>>> print(open('query06.pdb').read())   # PDB, C-alpha atoms and all ligand atoms
ATOM      1  CA  MET A1266       0.000   0.000   0.000
ATOM      2  CA  TYR A1267       1.196   3.497  -0.858
ATOM      3  CA  ARG A1268       0.432   6.887   0.630
ATOM      4  CA  LEU A1269       0.575  10.395  -0.826
ATOM      5  CA  GLY A1270       2.385  13.173   0.990
ATOM      6  CA  VAL A1271       2.030  16.796  -0.086
ATOM      7  CA  ASP A1272       4.295  19.678   0.886
ATOM      8  CA  LEU A1273       2.310  22.874   0.347
ATOM      9  CA  GLY A1274       4.809  25.726   0.329
ATOM     10  CA  GLY A1275       4.651  29.410  -0.505
ATOM     11  CA  THR A1276       6.677  28.839  -3.709
ATOM     12  CA  ASN A1277       6.055  25.218  -4.759
ATOM     13  CA  ILE A1278       3.520  22.454  -4.183
ATOM     14  CA  VAL A1279       5.149  19.012  -4.184
ATOM     15  CA  ALA A1280       3.248  15.704  -4.078
ATOM     16  CA  GLY A1281       5.187  12.513  -3.350
ATOM     17  CA  LEU A1282       4.253   8.851  -3.568
ATOM     18  CA  VAL A1283       5.565   7.083  -0.459
ATOM     19  CA  ASP A1284       5.857   3.309  -0.024
ATOM     20  CA  GLU A1285       5.556   1.212   3.140
ATOM     21  CA  SER A1286       9.268   1.504   3.873
ATOM     22  CA  MET A1287       8.849   5.308   4.006
ATOM     23  CA  LYS A1288      10.728   5.846   0.745
ATOM     24  CA  ILE A1289       9.607   8.396  -1.831
ATOM     25  CA  ILE A1290       9.010   6.491  -5.078
ATOM     26  CA  ASP A1291       8.287   9.541  -7.203
ATOM     27  CA  LYS A1292       7.280  13.180  -6.843
ATOM     28  CA  VAL A1293       5.686  15.859  -8.984
ATOM     29  CA  SER A1294       5.369  19.578  -8.409
ATOM     30  CA  CYS A1295       3.918  22.844  -9.608
ATOM     31  CA  LYS A1296       4.282  26.494  -8.648
ATOM     32  CA  THR A1297       2.042  27.791  -5.863
ATOM     33  CA  ASN A1298       1.609  31.039  -7.815
ATOM     34  CA  LEU A1299       0.402  33.217  -4.969
ATOM     35  CA  PRO A1300      -1.819  35.085  -4.539
ATOM     36  CA  ARG A1301      -4.719  32.870  -5.557
ATOM     37  CA  SER A1302      -7.743  31.264  -3.937
ATOM     38  CA  ALA A1303      -7.620  28.254  -1.618
ATOM     39  CA  GLU A1304      -9.992  26.425  -4.013
ATOM     40  CA  SER A1305      -7.612  26.889  -6.916
ATOM     41  CA  ILE A1306      -4.588  25.728  -4.874
ATOM     42  CA  ILE A1307      -6.526  22.662  -3.678
ATOM     43  CA  GLU A1308      -7.445  21.816  -7.295
ATOM     44  CA  ASP A1309      -3.726  21.732  -8.086
ATOM     45  CA  ILE A1310      -3.000  19.505  -5.083
ATOM     46  CA  ALA A1311      -5.644  17.043  -6.311
ATOM     47  CA  MET A1312      -4.225  17.224  -9.860
ATOM     48  CA  LEU A1313      -0.666  16.479  -8.611
ATOM     49  CA  CYS A1314      -1.840  13.558  -6.456
ATOM     50  CA  LYS A1315      -3.655  11.935  -9.384
ATOM     51  CA  LYS A1316      -0.733  12.643 -11.713
ATOM     52  CA  VAL A1317       1.908  10.919  -9.558
ATOM     53  CA  VAL A1318      -0.372   7.891  -9.056
ATOM     54  CA  ASN A1319      -1.122   7.635 -12.794
ATOM     55  CA  GLN A1320       2.445   8.054 -13.977
ATOM     56  CA  ASN A1321       3.481   5.166 -11.711
ATOM     57  CA  HIS A1322       0.748   2.964 -13.218
ATOM     58  CA  LEU A1323      -1.028   2.460  -9.902
ATOM     59  CA  GLU A1324      -4.738   1.993  -9.302
ATOM     60  CA  GLU A1325      -6.246   4.602  -6.970
ATOM     61  CA  ALA A1326      -7.196   1.714  -4.637
ATOM     62  CA  GLU A1327      -3.495   0.961  -4.108
ATOM     63  CA  VAL A1328      -3.126   4.311  -2.335
ATOM     64  CA  ALA A1329      -4.448   4.510   1.240
ATOM     65  CA  SER A1330      -4.480   8.244   1.989
ATOM     66  CA  VAL A1331      -3.346  11.785   1.228
ATOM     67  CA  GLY A1332      -1.572  13.859   3.865
ATOM     68  CA  VAL A1333      -0.782  17.553   3.462
ATOM     69  CA  GLY A1334       1.704  19.694   5.364
ATOM     70  CA  VAL A1335       0.295  23.246   5.505
ATOM     71  CA  PRO A1336       2.323  26.316   6.512
ATOM     72  CA  GLY A1337      -0.142  27.523   9.126
ATOM     73  CA  THR A1338      -2.533  26.474  11.863
ATOM     74  CA  ALA A1339      -4.064  23.200  10.693
ATOM     75  CA  ASN A1340      -6.897  22.075  12.970
ATOM     76  CA  ARG A1341      -6.979  18.309  12.477
ATOM     77  CA  LYS A1342     -10.188  17.980  14.459
ATOM     78  CA  THR A1343     -12.328  20.289  12.291
ATOM     79  CA  GLY A1344     -10.344  19.923   9.040
ATOM     80  CA  PHE A1345     -10.010  23.712   8.795
ATOM     81  CA  VAL A1346      -6.803  25.617   8.120
ATOM     82  CA  GLU A1347      -7.539  28.403  10.572
ATOM     83  CA  TYR A1348      -4.721  30.694   9.546
ATOM     84  CA  ALA A1349      -1.841  30.588   7.066
ATOM     85  CA  ASN A1350      -0.413  34.080   6.597
ATOM     86  CA  ASN A1351       1.914  33.175   3.706
ATOM     87  CA  LEU A1352      -0.909  31.558   1.717
ATOM     88  CA  GLY A1353      -3.556  34.147   2.644
ATOM     89  CA  PHE A1354      -5.748  31.366   4.129
ATOM     90  CA  ASP A1355      -8.279  32.321   6.769
ATOM     91  CA  ASP A1356     -10.645  29.583   8.006
ATOM     92  CA  VAL A1357     -10.458  27.362   4.934
ATOM     93  CA  PRO A1358     -12.318  23.978   5.130
ATOM     94  CA  PHE A1359      -9.234  22.391   3.653
ATOM     95  CA  VAL A1360      -9.868  18.681   4.275
ATOM     96  CA  LYS A1361     -13.449  18.830   2.934
ATOM     97  CA  LEU A1362     -12.432  20.776  -0.189
ATOM     98  CA  LEU A1363      -9.672  18.295  -1.026
ATOM     99  CA  GLU A1364     -11.803  15.219  -0.211
ATOM    100  CA  ASN A1365     -14.372  16.539  -2.713
ATOM    101  CA  GLN A1366     -11.712  16.214  -5.421
ATOM    102  CA  VAL A1367      -9.946  12.934  -4.621
ATOM    103  CA  SER A1368     -11.037   9.402  -3.769
ATOM    104  CA  TRP A1369      -8.705   9.085  -0.745
ATOM    105  CA  PRO A1370      -9.169  10.143   2.878
ATOM    106  CA  VAL A1371      -7.316  13.405   3.559
ATOM    107  CA  TYR A1372      -5.208  14.277   6.613
ATOM    108  CA  MET A1373      -3.322  17.457   7.316
ATOM    109  CA  ASP A1374      -0.947  19.018   9.803
ATOM    110  CA  ASN A1375       1.315  22.015  10.132
ATOM    111  CA  ASP A1376       4.217  21.697   7.655
ATOM    112  CA  ALA A1377       6.951  21.887  10.288
ATOM    113  CA  ASN A1378       5.170  19.216  12.330
ATOM    114  CA  ALA A1379       4.989  17.020   9.230
ATOM    115  CA  ALA A1380       8.710  17.568   8.546
ATOM    116  CA  ALA A1381       9.642  16.707  12.135
ATOM    117  CA  TRP A1382       7.470  13.586  12.021
ATOM    118  CA  GLY A1383       8.946  12.476   8.679
ATOM    119  CA  GLU A1384      12.530  13.014   9.811
ATOM    120  CA  TYR A1385      11.843  11.253  13.125
ATOM    121  CA  LYS A1386      10.163   8.189  11.603
ATOM    122  CA  ALA A1387      12.172   7.778   8.394
ATOM    123  CA  GLY A1388      15.440   8.764  10.088
ATOM    124  CA  GLY A1389      15.110   5.786  12.429
ATOM    125  CA  TYR A1390      15.583   7.824  15.624
ATOM    126  CA  LYS A1391      14.941   5.685  18.684
ATOM    127  CA  ASP A1392      14.743   8.671  21.039
ATOM    128  CA  ASP A1393      11.490   9.520  22.837
ATOM    129  CA  SER A1394      12.103  13.270  22.630
ATOM    130  CA  PHE A1395      13.052  14.967  19.387
ATOM    131  CA  VAL A1396      12.868  18.531  18.084
ATOM    132  CA  MET A1397      13.317  19.635  14.510
ATOM    133  CA  ILE A1398      14.009  23.244  13.574
ATOM    134  CA  THR A1399      13.627  24.095   9.884
ATOM    135  CA  LEU A1400      15.661  27.069   8.665
ATOM    136  CA  GLY A1401      13.978  28.336   5.515
ATOM    137  CA  THR A1402      11.943  31.373   4.516
ATOM    138  CA  GLY A1403      10.956  31.415   8.194
ATOM    139  CA  ILE A1404      11.816  29.083  11.072
ATOM    140  CA  GLY A1405       9.540  26.106  11.595
ATOM    141  CA  GLY A1406       9.481  23.931  14.671
ATOM    142  CA  GLY A1407       8.243  20.413  15.364
ATOM    143  CA  VAL A1408       8.390  18.830  18.814
ATOM    144  CA  ILE A1409       7.997  15.125  19.563
ATOM    145  CA  ILE A1410       7.591  14.114  23.200
ATOM    146  CA  ASP A1411       7.171  10.479  24.255
ATOM    147  CA  GLY A1412       7.022   9.534  20.583
ATOM    148  CA  LYS A1413       4.088  11.869  19.822
ATOM    149  CA  LEU A1414       3.860  15.248  18.094
ATOM    150  CA  LEU A1415       3.157  18.113  20.452
ATOM    151  CA  ARG A1416       0.354  20.086  18.784
ATOM    152  CA  GLY A1417      -0.966  22.334  21.544
ATOM    153  CA  VAL A1418      -4.546  23.051  22.566
ATOM    154  CA  ASN A1419      -5.293  24.843  19.266
ATOM    155  CA  TYR A1420      -2.915  23.005  16.865
ATOM    156  CA  ALA A1421      -0.593  26.032  16.810
ATOM    157  CA  GLY A1422       1.994  24.466  19.133
ATOM    158  CA  ALA A1423       5.758  24.404  18.540
ATOM    159  CA  GLU A1424       5.983  27.730  16.687
ATOM    160  CA  LEU A1425       9.582  27.918  17.850
ATOM    161  CA  GLY A1426      10.462  30.560  15.241
ATOM    162  CA  HIS A1427       8.195  33.010  17.036
ATOM    163  CA  THR A1428       9.984  33.013  20.357
ATOM    164  CA  THR A1429      11.800  36.265  21.035
ATOM    165  CA  ILE A1430      15.585  36.447  21.198
ATOM    166  CA  ASN A1431      15.711  40.277  21.241
ATOM    167  CA  PHE A1432      12.635  42.069  22.599
ATOM    168  CA  GLN A1433      13.973  45.407  21.397
ATOM    169  CA  GLY A1434      14.808  43.951  18.018
ATOM    170  CA  LYS A1435      13.434  43.969  14.493
ATOM    171  CA  PRO A1436       9.691  43.535  13.875
ATOM    172  CA  CYS A1437       8.333  40.118  12.877
ATOM    173  CA  ASN A1438       5.296  39.511  10.658
ATOM    174  CA  CYS A1439       3.594  37.780  13.614
ATOM    175  CA  GLY A1440       3.272  41.139  15.384
ATOM    176  CA  ARG A1441       6.055  40.721  17.957
ATOM    177  CA  VAL A1442       9.591  42.043  17.696
ATOM    178  CA  GLY A1443      12.901  40.213  17.717
ATOM    179  CA  CYS A1444      11.542  36.734  16.946
ATOM    180  CA  PHE A1445      14.054  33.919  16.428
ATOM    181  CA  GLU A1446      13.069  33.695  12.739
ATOM    182  CA  VAL A1447      13.811  37.381  12.155
ATOM    183  CA  TYR A1448      17.478  36.609  12.958
ATOM    184  CA  GLY A1449      17.885  32.895  12.252
ATOM    185  CA  SER A1450      15.971  32.047   9.046
ATOM    186  CA  ALA A1451      17.548  31.753   5.584
ATOM    187  CA  THR A1452      15.752  35.008   4.756
ATOM    188  CA  ALA A1453      17.474  36.663   7.733
ATOM    189  CA  LEU A1454      20.908  35.434   6.634
ATOM    190  CA  ILE A1455      20.296  36.872   3.157
ATOM    191  CA  GLU A1456      19.265  40.223   4.649
ATOM    192  CA  GLN A1457      22.291  40.252   6.946
ATOM    193  CA  THR A1458      24.521  39.533   3.938
ATOM    194  CA  ARG A1459      23.003  42.336   1.858
ATOM    195  CA  TYR A1460      23.405  44.764   4.731
ATOM    196  CA  ALA A1461      27.047  43.786   5.300
ATOM    197  CA  LEU A1462      27.918  44.148   1.627
ATOM    198  CA  GLU A1463      26.160  47.466   1.339
ATOM    199  CA  TYR A1464      27.154  49.197   4.568
ATOM    200  CA  GLU A1465      29.957  47.330   6.327
ATOM    201  CA  ALA A1466      32.335  46.717   3.446
ATOM    202  CA  ALA A1467      34.623  49.699   4.056
ATOM    203  CA  GLY A1468      34.707  51.372   0.680
ATOM    204  CA  GLU A1469      33.828  50.094  -2.766
ATOM    205  CA  ASN A1470      37.288  48.607  -3.360
ATOM    206  CA  LYS A1471      37.093  46.349  -0.345
ATOM    207  CA  LYS A1472      33.612  45.192  -1.343
ATOM    208  CA  LYS A1473      34.759  44.468  -4.882
ATOM    209  CA  LYS A1474      37.631  42.343  -3.577
ATOM    210  CA  SER A1475      35.248  40.265  -1.480
ATOM    211  CA  LEU A1476      34.621  36.729  -2.740
ATOM    212  CA  LEU A1477      31.089  37.014  -1.383
ATOM    213  CA  TRP A1478      30.451  39.946  -3.729
ATOM    214  CA  LYS A1479      31.671  37.865  -6.686
ATOM    215  CA  LEU A1480      29.588  34.822  -5.715
ATOM    216  CA  CYS A1481      26.377  36.838  -5.717
ATOM    217  CA  GLY A1482      27.195  38.092  -9.207
ATOM    218  CA  ASN A1483      28.028  41.636  -7.972
ATOM    219  CA  ASN A1484      24.309  42.060  -7.356
ATOM    220  CA  LEU A1485      22.738  42.505  -3.919
ATOM    221  CA  ASN A1486      19.413  41.229  -5.254
ATOM    222  CA  LYS A1487      20.983  37.889  -6.146
ATOM    223  CA  VAL A1488      22.367  37.062  -2.699
ATOM    224  CA  GLU A1489      21.599  33.495  -1.568
ATOM    225  CA  ALA A1490      22.326  31.887   1.808
ATOM    226  CA  LYS A1491      24.577  29.415  -0.024
ATOM    227  CA  ASN A1492      26.897  32.264  -1.136
ATOM    228  CA  VAL A1493      27.905  32.866   2.485
ATOM    229  CA  PHE A1494      28.947  29.242   3.070
ATOM    230  CA  ASP A1495      30.803  29.054  -0.251
ATOM    231  CA  ALA A1496      32.637  32.297   0.551
ATOM    232  CA  VAL A1497      33.592  30.981   4.011
ATOM    233  CA  ALA A1498      35.091  27.929   2.307
ATOM    234  CA  GLY A1499      37.084  30.326   0.119
ATOM    235  CA  GLY A1500      38.393  32.199   3.180
ATOM    236  CA  ASP A1501      36.376  35.403   2.681
ATOM    237  CA  TYR A1502      36.561  37.814   5.627
ATOM    238  CA  PHE A1503      33.014  39.224   5.323
ATOM    239  CA  ALA A1504      31.496  35.790   5.019
ATOM    240  CA  LYS A1505      33.306  34.530   8.137
ATOM    241  CA  LYS A1506      32.043  37.510  10.113
ATOM    242  CA  LEU A1507      28.497  36.975   8.794
ATOM    243  CA  LEU A1508      28.560  33.282   9.683
ATOM    244  CA  ASP A1509      29.877  34.127  13.151
ATOM    245  CA  ASP A1510      26.994  36.563  13.764
ATOM    246  CA  TYR A1511      24.394  34.236  12.241
ATOM    247  CA  THR A1512      25.459  31.213  14.325
ATOM    248  CA  THR A1513      25.405  33.436  17.422
ATOM    249  CA  TYR A1514      21.732  34.233  16.728
ATOM    250  CA  LEU A1515      20.993  30.563  16.041
ATOM    251  CA  ALA A1516      22.616  29.525  19.318
ATOM    252  CA  GLU A1517      20.406  31.958  21.283
ATOM    253  CA  GLY A1518      17.261  30.489  19.725
ATOM    254  CA  LEU A1519      18.375  26.874  20.029
ATOM    255  CA  ALA A1520      19.438  27.304  23.662
ATOM    256  CA  ASN A1521      15.881  28.516  24.425
ATOM    257  CA  VAL A1522      14.469  25.402  22.774
ATOM    258  CA  ILE A1523      16.841  23.105  24.674
ATOM    259  CA  ASN A1524      16.156  24.832  28.000
ATOM    260  CA  ILE A1525      12.426  24.220  27.562
ATOM    261  CA  PHE A1526      12.368  20.689  26.180
ATOM    262  CA  GLN A1527      15.811  19.146  26.876
ATOM    263  CA  PRO A1528      15.192  16.754  23.948
ATOM    264  CA  SER A1529      17.484  13.814  23.195
ATOM    265  CA  VAL A1530      17.926  15.142  19.664
ATOM    266  CA  LEU A1531      17.644  18.624  18.180
ATOM    267  CA  CYS A1532      17.777  18.317  14.454
ATOM    268  CA  ILE A1533      18.361  21.242  12.063
ATOM    269  CA  GLY A1534      16.707  21.048   8.632
ATOM    270  CA  GLY A1535      15.799  23.354   5.753
ATOM    271  CA  GLY A1536      17.908  24.851   2.976
ATOM    272  CA  VAL A1537      20.544  26.387   5.260
ATOM    273  CA  SER A1538      21.247  23.007   6.898
ATOM    274  CA  LYS A1539      22.816  21.806   3.637
ATOM    275  CA  ALA A1540      25.910  23.773   4.694
ATOM    276  CA  GLY A1541      26.681  20.856   7.050
ATOM    277  CA  ASP A1542      29.600  21.051   9.513
ATOM    278  CA  VAL A1543      30.568  24.635   8.657
ATOM    279  CA  LEU A1544      27.220  25.598  10.195
ATOM    280  CA  LEU A1545      26.815  22.790  12.721
ATOM    281  CA  ASN A1546      30.181  23.047  14.484
ATOM    282  CA  PRO A1547      29.966  26.702  15.576
ATOM    283  CA  VAL A1548      26.242  26.320  16.378
ATOM    284  CA  LYS A1549      26.978  23.348  18.658
ATOM    285  CA  GLU A1550      29.851  25.063  20.404
ATOM    286  CA  LYS A1551      27.945  28.309  21.018
ATOM    287  CA  THR A1552      24.665  26.621  22.025
ATOM    288  CA  ASN A1553      26.401  24.288  24.466
ATOM    289  CA  ARG A1554      27.938  27.321  26.169
ATOM    290  CA  LEU A1555      24.482  28.873  26.716
ATOM    291  CA  ILE A1556      22.285  25.987  27.844
ATOM    292  CA  TYR A1557      21.236  25.685  31.469
ATOM    293  CA  SER A1558      22.293  22.034  31.519
ATOM    294  CA  LYS A1559      25.874  22.718  30.339
ATOM    295  CA  ASN A1560      27.314  20.833  33.327
ATOM    296  CA  SER A1561      25.066  17.786  32.917
ATOM    297  CA  ALA A1562      26.625  14.462  31.985
ATOM    298  CA  VAL A1563      24.008  14.008  29.245
ATOM    299  CA  ASN A1564      22.958  16.747  26.851
ATOM    300  CA  THR A1565      20.949  17.210  23.662
ATOM    301  CA  ASN A1566      22.583  15.914  20.512
ATOM    302  CA  ILE A1567      22.432  18.764  17.972
ATOM    303  CA  THR A1568      22.522  17.382  14.453
ATOM    304  CA  ILE A1569      21.666  18.028  10.783
ATOM    305  CA  ALA A1570      18.522  16.432   9.294
ATOM    306  CA  LYS A1571      19.050  13.292   7.212
ATOM    307  CA  HIS A1572      16.026  13.761   4.969
ATOM    308  CA  ASP A1573      16.196  17.474   4.270
ATOM    309  CA  ASN A1574      13.382  18.584   1.927
ATOM    310  CA  ASP A1575      11.860  15.104   1.708
ATOM    311  CA  ALA A1576      11.029  14.936   5.427
ATOM    312  CA  GLY A1577       7.910  17.100   4.925
ATOM    313  CA  ILE A1578       6.551  14.804   2.202
ATOM    314  CA  ILE A1579       7.267  11.599   4.133
ATOM    315  CA  GLY A1580       5.789  13.022   7.341
ATOM    316  CA  ALA A1581       2.680  14.237   5.517
ATOM    317  CA  ALA A1582       2.207  10.789   3.957
ATOM    318  CA  LEU A1583       2.525   9.148   7.383
ATOM    319  CA  LEU A1584      -0.271  11.352   8.808
ATOM    320  CA  GLY A1585      -2.736   8.880   7.292
ATOM    321  CA  LEU A1586      -1.164   6.021   9.220
ATOM    322  CA  GLU A1587      -1.448   8.012  12.425
ATOM    323  CA  GLY A1588      -5.016   9.101  11.619
ATOM    324  CA  GLU A1589      -6.182   5.512  11.105
ATOM    325  CA  SER A1590      -4.733   4.258  14.396
TER     326      SER A1590
HETATM  327 ZN    ZN B   1       7.300  36.282  15.097
END
>>> encode(input="query06.pdb", output="structure tokens")
Amino acid sequence: MYRLGVDLGGTNIVAGLVDESMKIIDKVSCKTNLPRSAESIIEDIAMLCKKVVNQNHLEEAEVASVGVGVPGTANRKTGFVEYANNLGFDDVPFVKLLENQVSWPVYMDNDANAAAWGEYKAGGYKDDSFVMITLGTGIGGGVIIDGKLLRGVNYAGAELGHTTINFQGKPCNCGRVGCFEVYGSATALIEQTRYALEYEAAGENKKKKSLLWKLCGNNLNKVEAKNVFDAVAGGDYFAKKLLDDYTTYLAEGLANVINIFQPSVLCIGGGVSKAGDVLLNPVKEKTNRLIYSKNSAVNTNITIAKHDNDAGIIGAALLGLEGES
């Protein structure tokens, strides 16, 4: 039996066909093309689900369920997406709308919860407590305690990106200031890089000599998080300073998470996590200096996700398994 897992993002919608060993057999995608109506987005989700089943020559009866990871507050009890600011969703009867278009039962959860669940299950972690932080456009959080996702009373639990690390800091789109995601997301790293190149490079000549400036094509609008890590590898001074500041912000946010949950594993996922040890090593060192439990014999193992972008699809697919139990 197969299951479908859908990662509904602000840029792309990806539907994956997942087998019983939690492997993705095939996936198809389309652009989210915001802004547009929830109905129109849900039509595309249904189209992608049918497409990936058809192109793998499967009967619809060989697929048990569809699960969708939604970037917002996904109330599993009512089937409504109560709020998804990036998608412009406000009280959308998501499960009903999608079930009207497909022959499979539909399950949904917050996208970061789905990613944490997918990484936890498919990654073969044996630990009872596990937290995944996804560094992307924002910062997503998923918390697993005693082998179960922590969803909160209103399904908005584990929004770890919206915990404050600087209450006099920059504004966040959630309404607070100084949220972890304002300093620690991939978007934040890109903004920090643009700012450094524009204002901190002392004089045009110094900027022009910077490898970071070359890697972004001498264009501030083309800066990517990856440029920083590549420039660090090439020994660039600005990039090293940027990485030092960025990992300092990350450590503040991660230490908060560890102080609250003290999980066995804290796993970092999302695009930025592809940097690997160049990111992980300073983050570990700085976080371990900040945590309350620094003198304990046992501490949280901070690590990089094994399944990266696929975790969200696998976790979404597995929601059906959880929903049936
Ligand atoms: Zn916030």
>>> resolve_selection(input="query06.pdb", expression="the PyMOL selection byres (((chain A and resi 1336) around 9) and not hetatm)", output="PyMOL selection string")
chain A and resi 1272-1275+1334-1335+1337-1339+1348-1352+1374-1377+1405
>>> write_last_selection(input="query06.pdb", atoms="C-alpha atoms", output="CSV table (one decimal), in the coordinates of the input")
chain,number,residue,atom,x,y,z
A,1272,ASP,CA,4.3,19.7,0.9
A,1273,LEU,CA,2.3,22.9,0.3
A,1274,GLY,CA,4.8,25.7,0.3
A,1275,GLY,CA,4.7,29.4,-0.5
A,1334,GLY,CA,1.7,19.7,5.4
A,1335,VAL,CA,0.3,23.2,5.5
A,1337,GLY,CA,-0.1,27.5,9.1
A,1338,THR,CA,-2.5,26.5,11.9
A,1339,ALA,CA,-4.1,23.2,10.7
A,1348,TYR,CA,-4.7,30.7,9.5
A,1349,ALA,CA,-1.8,30.6,7.1
A,1350,ASN,CA,-0.4,34.1,6.6
A,1351,ASN,CA,1.9,33.2,3.7
A,1352,LEU,CA,-0.9,31.6,1.7
A,1374,ASP,CA,-0.9,19.0,9.8
A,1375,ASN,CA,1.3,22.0,10.1
A,1376,ASP,CA,4.2,21.7,7.7
A,1377,ALA,CA,7.0,21.9,10.3
A,1405,GLY,CA,9.5,26.1,11.6
>>> residues_near_ligand(input="query06.pdb", ligand="ligand ZN 1 (chain B)", cutoff="12 Å", atoms="only C-alpha atoms and all ligand atoms", output="MDAnalysis selection string")
chainID A and resid 1350 1403:1405 1424:1432 1434:1450
>>> atom_distance(input="query06.pdb", atom1="CA of Gly1401 in chain A", atom2="CA of Lys1474 in chain A")
29.0 Å
>>> resolve_selection(input="query06.pdb", expression="the PyMOL selection byres (((chain A and resi 1413-1419) around 9) and not hetatm)", output="CSV table (one decimal) with C-alpha atoms, in the frame of the given file")
chain,number,residue,atom,x,y,z
A,1338,THR,CA,-2.5,26.5,11.9
A,1339,ALA,CA,-4.1,23.2,10.7
A,1340,ASN,CA,-6.9,22.1,13.0
A,1375,ASN,CA,1.3,22.0,10.1
A,1378,ASN,CA,5.2,19.2,12.3
A,1381,ALA,CA,9.6,16.7,12.1
A,1382,TRP,CA,7.5,13.6,12.0
A,1393,ASP,CA,11.5,9.5,22.8
A,1394,SER,CA,12.1,13.3,22.6
A,1407,GLY,CA,8.2,20.4,15.4
A,1408,VAL,CA,8.4,18.8,18.8
A,1409,ILE,CA,8.0,15.1,19.6
A,1410,ILE,CA,7.6,14.1,23.2
A,1411,ASP,CA,7.2,10.5,24.3
A,1412,GLY,CA,7.0,9.5,20.6
A,1420,TYR,CA,-2.9,23.0,16.9
A,1421,ALA,CA,-0.6,26.0,16.8
A,1422,GLY,CA,2.0,24.5,19.1
A,1423,ALA,CA,5.8,24.4,18.5
>>> residues_around(input="query06.pdb", residues="Glu1327 in chain A", least_positions_apart="3", cutoff="10 Å", atoms="all atoms listed in the file", output="JSON, numbers by chain")
{"A": [1266, 1267, 1268, 1318, 1323, 1324, 1330]}
>>> atom_distance(input="query06.pdb", atom1="CA of Val1331 in chain A", atom2="CA of Val1371 in chain A")
4.9 Å
>>> residues_around(input="query06.pdb", residues="Glu1550 in chain A", least_positions_apart="5", cutoff="12 Å", atoms="all atoms listed in the file", output="mmCIF file with C-alpha atoms, in the frame of the given file")
data_model
loop_
_atom_site.group_PDB
_atom_site.id
_atom_site.type_symbol
_atom_site.label_atom_id
_atom_site.label_comp_id
_atom_site.auth_asym_id
_atom_site.auth_seq_id
_atom_site.Cartn_x
_atom_site.Cartn_y
_atom_site.Cartn_z
ATOM 1 C CA ASP A 1509 29.877 34.127 13.151
ATOM 2 C CA THR A 1512 25.459 31.213 14.325
ATOM 3 C CA THR A 1513 25.405 33.436 17.422
ATOM 4 C CA LEU A 1515 20.993 30.563 16.041
ATOM 5 C CA ALA A 1516 22.616 29.525 19.318
ATOM 6 C CA GLU A 1517 20.406 31.958 21.283
ATOM 7 C CA LEU A 1519 18.375 26.874 20.029
ATOM 8 C CA ALA A 1520 19.438 27.304 23.662
ATOM 9 C CA ASP A 1542 29.600 21.051 9.513
ATOM 10 C CA VAL A 1543 30.568 24.635 8.657
ATOM 11 C CA LEU A 1544 27.220 25.598 10.195
ATOM 12 C CA LEU A 1545 26.815 22.790 12.721
ATOM 13 C CA LEU A 1555 24.482 28.873 26.716
ATOM 14 C CA ILE A 1556 22.285 25.987 27.844
ATOM 15 C CA LYS A 1559 25.874 22.718 30.339
ATOM 16 C CA ASN A 1566 22.583 15.914 20.512
ATOM 17 C CA ILE A 1567 22.432 18.764 17.972
#
>>> atom_distance(input="query06.pdb", atom1="CA of Phe1354 in chain A", atom2="CA of Ala1303 in chain A")
6.8 Å
>>> closest_residue(input="query06.pdb", among="A:Ile1398, A:Ala1387, A:Leu1583, A:Val1493", to="Ile1569 in chain A", atoms="all atoms listed in the file")
A:Ile1398
>>> resolve_selection(input="query06.pdb", expression="the PyMOL selection byres (((chain A and resi 1527) around 10) and not hetatm)", output="VMD selection string")
chain A and resid 1394 to 1396 1520 to 1526 1528 to 1531 1556 to 1558 1563 to 1566
>>> closest_residue(input="query06.pdb", among="A:Thr1399, A:Thr1552, A:Thr1452, A:Asn1486", to="Ala1570 in chain A", atoms="only C-alpha atoms")
A:Thr1399
>>> residues_around(input="query06.pdb", residues="Leu1454 in chain A", least_positions_apart="6", cutoff="9 Å", atoms="only C-alpha atoms", output="PyMOL selection string")
chain A and resi 1448+1489-1490+1493+1507-1508+1511
>>> residues_around(input="query06.pdb", residues="Lys1316 in chain A", least_positions_apart="4", cutoff="12 Å", atoms="all atoms listed in the file", output="list in words")
Leu1269, Val1279, Ala1280, Gly1281, Leu1282, Asp1291, Lys1292, Val1293, Ser1294, Cys1295, Asp1309, Ile1310, Ala1311, Met1312, Gln1320, Asn1321, His1322, Leu1323, Glu1324, Glu1325 and Val1367 of chain A
>>> closest_residue(input="query06.pdb", among="A:Val1317, A:Cys1532, A:Asn1560, A:Tyr1502", to="Tyr1385 in chain A", atoms="only C-alpha atoms")
A:Cys1532
>>> closest_residue(input="query06.pdb", among="A:Lys1549, A:Arg1459, A:Arg1341, A:Lys1296", to="Lys1487 in chain A", atoms="all atoms listed in the file")
A:Arg1459
>>> residues_around(input="query06.pdb", residues="Ala1496 in chain A", least_positions_apart="6", cutoff="10 Å", atoms="all atoms listed in the file", output="MDAnalysis selection string")
chainID A and resid 1475:1481 1502:1505
>>> closest_residue(input="query06.pdb", among="A:Leu1362, A:Ile1306, A:Leu1485, A:Met1373", to="Gly1332 in chain A", atoms="all atoms listed in the file")
A:Met1373
